[in-house]
>>> print(open('data_2.txt').read())   # compact mmCIF, C-alpha atoms
# COMPACT_ATOMS: atom_id res chain seq x y z
CA MET G 1 9.83 39.78 44.29
CA LYS G 2 11.15 40.31 40.81
CA PHE G 3 8.67 40.75 37.97
CA VAL G 4 9.39 38.59 34.88
CA PRO G 5 7.24 39.20 31.82
CA LEU G 6 5.08 36.14 31.06
CA SER G 7 6.39 35.84 27.50
CA ARG G 8 10.00 35.66 28.77
CA ALA G 9 9.05 33.15 31.47
CA ARG G 10 7.38 30.90 28.87
CA SER G 11 10.39 31.26 26.63
CA ALA G 12 12.77 30.17 29.39
CA ALA G 13 10.56 27.19 30.27
CA ALA G 14 10.36 26.15 26.62
CA LYS G 15 14.14 26.08 26.03
CA PRO G 16 14.71 22.59 27.53
CA LEU G 17 11.76 21.26 25.57
CA LEU G 18 13.06 22.76 22.32
CA ALA G 19 16.51 21.34 22.97
CA ALA G 20 15.05 17.87 23.51
CA CYS G 21 13.04 18.11 20.28
CA ALA G 22 16.12 19.20 18.36
CA ALA G 23 18.11 16.26 19.76
CA ILE G 24 15.39 13.82 18.73
CA ALA G 25 15.21 15.34 15.26
CA LEU G 26 18.97 15.10 14.82
CA ALA G 27 18.99 11.49 16.04
CA ALA G 28 16.37 10.66 13.43
CA CYS G 29 18.79 11.82 10.75
CA GLY G 30 21.54 9.51 11.97
CA PRO G 31 22.82 6.31 10.36
CA GLY G 32 19.91 4.20 11.67
CA SER G 33 17.22 6.28 9.97
CA GLN G 34 15.83 5.47 6.55
CA ALA G 35 14.55 7.80 3.88
CA PRO G 36 10.97 7.42 2.72
CA VAL G 37 10.45 4.72 0.12
CA ALA G 38 9.25 5.60 -3.37
CA PRO G 39 7.40 3.07 -5.52
CA ALA G 40 9.38 1.47 -8.33
CA GLU G 41 7.99 1.61 -11.84
CA VAL G 42 7.08 -1.64 -13.52
CA THR G 43 8.89 -2.36 -16.78
CA ARG G 44 8.25 -4.94 -19.50
CA ASP G 45 10.72 -7.20 -17.64
CA THR G 46 9.30 -6.89 -14.11
CA VAL G 47 8.24 -10.30 -12.85
CA CYS G 48 5.92 -11.38 -10.08
CA SER G 49 7.81 -12.46 -6.96
CA LEU G 50 5.46 -15.42 -6.45
CA ASP G 51 5.20 -17.05 -9.86
CA GLY G 52 7.54 -15.28 -12.27
CA MET G 53 4.72 -13.95 -14.47
CA LEU G 54 5.48 -10.72 -16.34
CA LEU G 55 3.41 -8.00 -14.68
CA ALA G 56 2.95 -6.03 -17.90
CA ASP G 57 1.18 -8.98 -19.55
CA TYR G 58 -1.88 -8.95 -17.27
CA PRO G 59 -4.81 -6.67 -16.45
CA GLY G 60 -5.77 -5.18 -13.12
CA PRO G 61 -3.95 -3.44 -10.30
CA LYS G 62 -0.36 -4.39 -9.49
CA ALA G 63 1.33 -4.18 -6.09
CA GLN G 64 4.75 -3.99 -4.48
CA ILE G 65 6.17 -4.53 -1.01
CA HIS G 66 9.39 -2.82 0.05
CA TYR G 67 11.32 -4.26 3.00
CA ASP G 68 13.98 -2.87 5.36
CA GLN G 69 16.49 -5.12 3.64
CA GLY G 70 16.67 -6.57 0.17
CA PRO G 71 14.87 -5.77 -3.06
CA PRO G 72 11.12 -5.13 -3.21
CA ASP G 73 8.65 -7.86 -4.12
CA PHE G 74 6.37 -7.18 -7.08
CA PHE G 75 2.95 -8.74 -7.57
CA CYS G 76 0.76 -9.02 -10.66
CA ASP G 77 -2.31 -8.73 -8.43
CA THR G 78 -3.34 -7.02 -5.18
CA VAL G 79 -4.60 -10.38 -3.86
CA GLU G 80 -1.02 -11.70 -3.97
CA MET G 81 0.31 -8.70 -2.05
CA PHE G 82 -2.31 -9.09 0.67
CA SER G 83 -1.84 -12.86 0.88
CA ILE G 84 1.89 -12.39 1.53
CA TYR G 85 1.53 -9.36 3.83
CA LEU G 86 -1.21 -10.93 5.98
CA ARG G 87 0.54 -14.29 6.47
CA PRO G 88 1.34 -14.92 10.14
CA GLU G 89 4.76 -16.27 9.13
CA GLN G 90 5.66 -12.99 7.36
CA LYS G 91 8.70 -11.93 9.39
CA ARG G 92 10.46 -9.46 7.09
CA ARG G 93 10.07 -5.89 8.27
CA VAL G 94 7.93 -4.03 5.73
CA ARG G 95 8.83 -0.41 5.00
CA ALA G 96 6.15 0.34 2.40
CA LEU G 97 3.35 -1.19 0.35
CA PHE G 98 2.11 0.29 -2.92
CA VAL G 99 -0.84 -0.42 -5.22
CA GLN G 100 -2.11 1.35 -8.31
CA ASP G 101 -4.96 3.86 -8.30
CA MET G 102 -7.30 2.24 -10.81
CA ALA G 103 -9.27 5.47 -11.27
CA LYS G 104 -6.18 6.95 -12.92
CA THR G 105 -4.89 4.08 -15.06
CA GLU G 106 -6.32 1.62 -17.59
CA TRP G 107 -7.59 -1.71 -16.26
CA ASN G 108 -6.22 -3.75 -19.16
CA ASN G 109 -2.85 -2.01 -19.29
CA PRO G 110 -2.18 -0.36 -15.92
CA SER G 111 0.95 1.72 -15.47
CA GLY G 112 2.13 4.17 -12.82
CA HIS G 113 -0.22 5.95 -10.44
CA TRP G 114 1.20 4.22 -7.34
CA ILE G 115 -0.41 4.98 -3.99
CA ASP G 116 0.19 3.90 -0.41
CA ALA G 117 -1.59 0.56 -0.03
CA LYS G 118 -2.44 1.25 3.62
CA THR G 119 -4.43 4.40 2.78
CA ALA G 120 -6.06 2.96 -0.34
CA LEU G 121 -9.63 1.73 -0.58
CA TYR G 122 -10.39 -1.64 -2.16
CA VAL G 123 -13.37 -3.06 -4.00
CA ILE G 124 -13.78 -6.77 -3.40
CA GLY G 125 -16.24 -8.96 -5.31
CA SER G 126 -16.45 -6.97 -8.55
CA ASP G 127 -16.88 -8.51 -12.00
CA MET G 128 -13.43 -7.22 -13.07
CA ARG G 129 -10.62 -9.77 -13.16
CA GLY G 130 -6.93 -9.41 -12.47
CA SER G 131 -4.08 -11.66 -13.51
CA MET G 132 -5.28 -14.61 -11.44
CA GLY G 133 -9.04 -14.05 -11.51
CA PRO G 134 -10.97 -12.17 -8.83
CA THR G 135 -8.99 -9.25 -7.45
CA LEU G 136 -9.27 -6.24 -5.18
CA ALA G 137 -9.46 -3.03 -7.21
CA SER G 138 -7.48 -0.27 -5.48
CA PHE G 139 -8.34 3.44 -5.31
CA SER G 140 -7.03 6.54 -3.57
CA ARG G 141 -10.45 8.18 -3.26
CA GLU G 142 -13.59 6.74 -1.71
CA GLU G 143 -15.79 8.34 -4.39
CA ASP G 144 -13.87 6.47 -7.09
CA ALA G 145 -14.10 3.16 -5.22
CA LYS G 146 -17.87 3.60 -4.71
CA ALA G 147 -18.39 4.50 -8.39
CA PHE G 148 -16.42 1.41 -9.45
CA ALA G 149 -18.48 -0.81 -7.09
CA ALA G 150 -21.74 0.69 -8.43
CA LYS G 151 -20.69 -0.12 -12.00
CA HIS G 152 -18.93 -3.48 -11.48
CA GLY G 153 -20.41 -4.82 -8.24
CA GLY G 154 -18.62 -5.54 -5.00
CA ARG G 155 -18.14 -3.65 -1.78
CA VAL G 156 -15.62 -1.10 -0.59
CA LEU G 157 -13.11 -1.99 2.14
CA ARG G 158 -10.32 -0.15 3.90
CA PHE G 159 -6.86 -1.77 4.13
CA ASP G 160 -7.37 -3.08 7.67
CA GLU G 161 -10.73 -4.61 6.74
CA VAL G 162 -9.10 -7.04 4.28
CA LYS G 163 -8.70 -10.41 6.02
CA PRO G 164 -6.58 -13.44 5.04
CA ASP G 165 -9.59 -15.56 4.03
CA MET G 166 -10.53 -12.86 1.47
CA VAL G 167 -7.19 -13.10 -0.34
CA THR G 168 -6.48 -16.78 -0.87
CA LEU G 169 -4.27 -17.70 -3.79
CA ASP G 170 -6.59 -20.31 -5.26
CA GLY G 171 -7.60 -17.77 -7.90
CA GLY G 172 -11.14 -17.88 -6.63
CA VAL G 173 -11.72 -21.05 -8.67
CA ILE G 174 -13.81 -22.69 -5.97
CA ARG G 175 -16.08 -19.66 -5.61
CA ASP G 176 -15.93 -18.29 -9.17
CA LYS G 177 -19.16 -19.13 -11.00
CA MET G 178 -18.01 -17.49 -14.27
CA MET G 179 -15.43 -20.17 -15.10
>>> encode(input="data_2.txt", output="structure tokens")
Amino acid sequence: MKFVPLSRARSAAAKPLLAACAAIALAACGPGSQAPVAPAEVTRDTVCSLDGMLLADYPGPKAQIHYDQGPPDFFCDTVEMFSIYLRPEQKRRVRALFVQDMAKTEWNNPSGHWIDAKTALYVIGSDMRGSMGPTLASFSREEDAKAFAAKHGGRVLRFDEVKPDMVTLDGGVIRDKMM
């Protein structure tokens, strides 16, 4: 019986596994792979994909959806983004969703500070209004979302807790008692 040091035996057993991992990594770099998506900055001319409103003219968090094909959709409100994304008939393959971190930008003139919409926290039911009325304020940190809710009312939700009936595009007119 030949003695093989344990470290050499492990090394020999690991070679096929390392080769397989390298092949997978190289395949991921091939023509079918896509680079990570970066959020696009909103300009004075950026319009909402739903209604053509100029995003820069309205308060509250903005949003954008990037697809596998075609240009991104921009929204003057997080409610619009959710209403499109959560529609059962939404068939376009989504690569990325972005919203603004409202702890880092001004409510009345938000710019920049884009974060991944799926990892963001949202405050629903606050007294702060977006372009179309009630909106979901977006935050990257739970502490910021809770502080906003304590000051402006509402409750904190994670992305997957937002349901279609919470993001209707009626502007909240039926339920809004402040109008």
>>> residues_around(input="data_2.txt", residues="G:Gln64", least_positions_apart="6", cutoff="7 Å", atoms="all atoms listed in the file", output="PyMOL selection string")
chain G and resi 72-75+81+97-99
>>> atom_distance(input="data_2.txt", atom1="atom CA of G:Ala149", atom2="atom CA of G:Thr168")
20.9 Å
>>> residues_around(input="data_2.txt", residues="G:Phe82", least_positions_apart="4", cutoff="10 Å", atoms="only C-alpha atoms", output="JSON, numbers by chain")
{"G": [63, 65, 75, 77, 78, 86, 87, 97, 117, 136, 159, 162, 163, 164, 166, 167, 168, 169]}
>>> closest_residue(input="data_2.txt", among="G:Val156, G:Val37, G:Val47, G:Ile84", to="G:Tyr122", atoms="all atoms listed in the file")
G:Val156
>>> closest_residue(input="data_2.txt", among="G:Gly125, G:Gly60, G:Pro88, G:Gly133", to="G:Leu157", atoms="only C-alpha atoms")
G:Gly125
>>> atom_distance(input="data_2.txt", atom1="atom CA of G:Gly70", atom2="atom CA of G:Asp51")
18.5 Å
>>> closest_residue(input="data_2.txt", among="G:Asp165, G:Asp57, G:Asp160, G:Asp45", to="G:Asn108", atoms="all atoms listed in the file")
G:Asp57
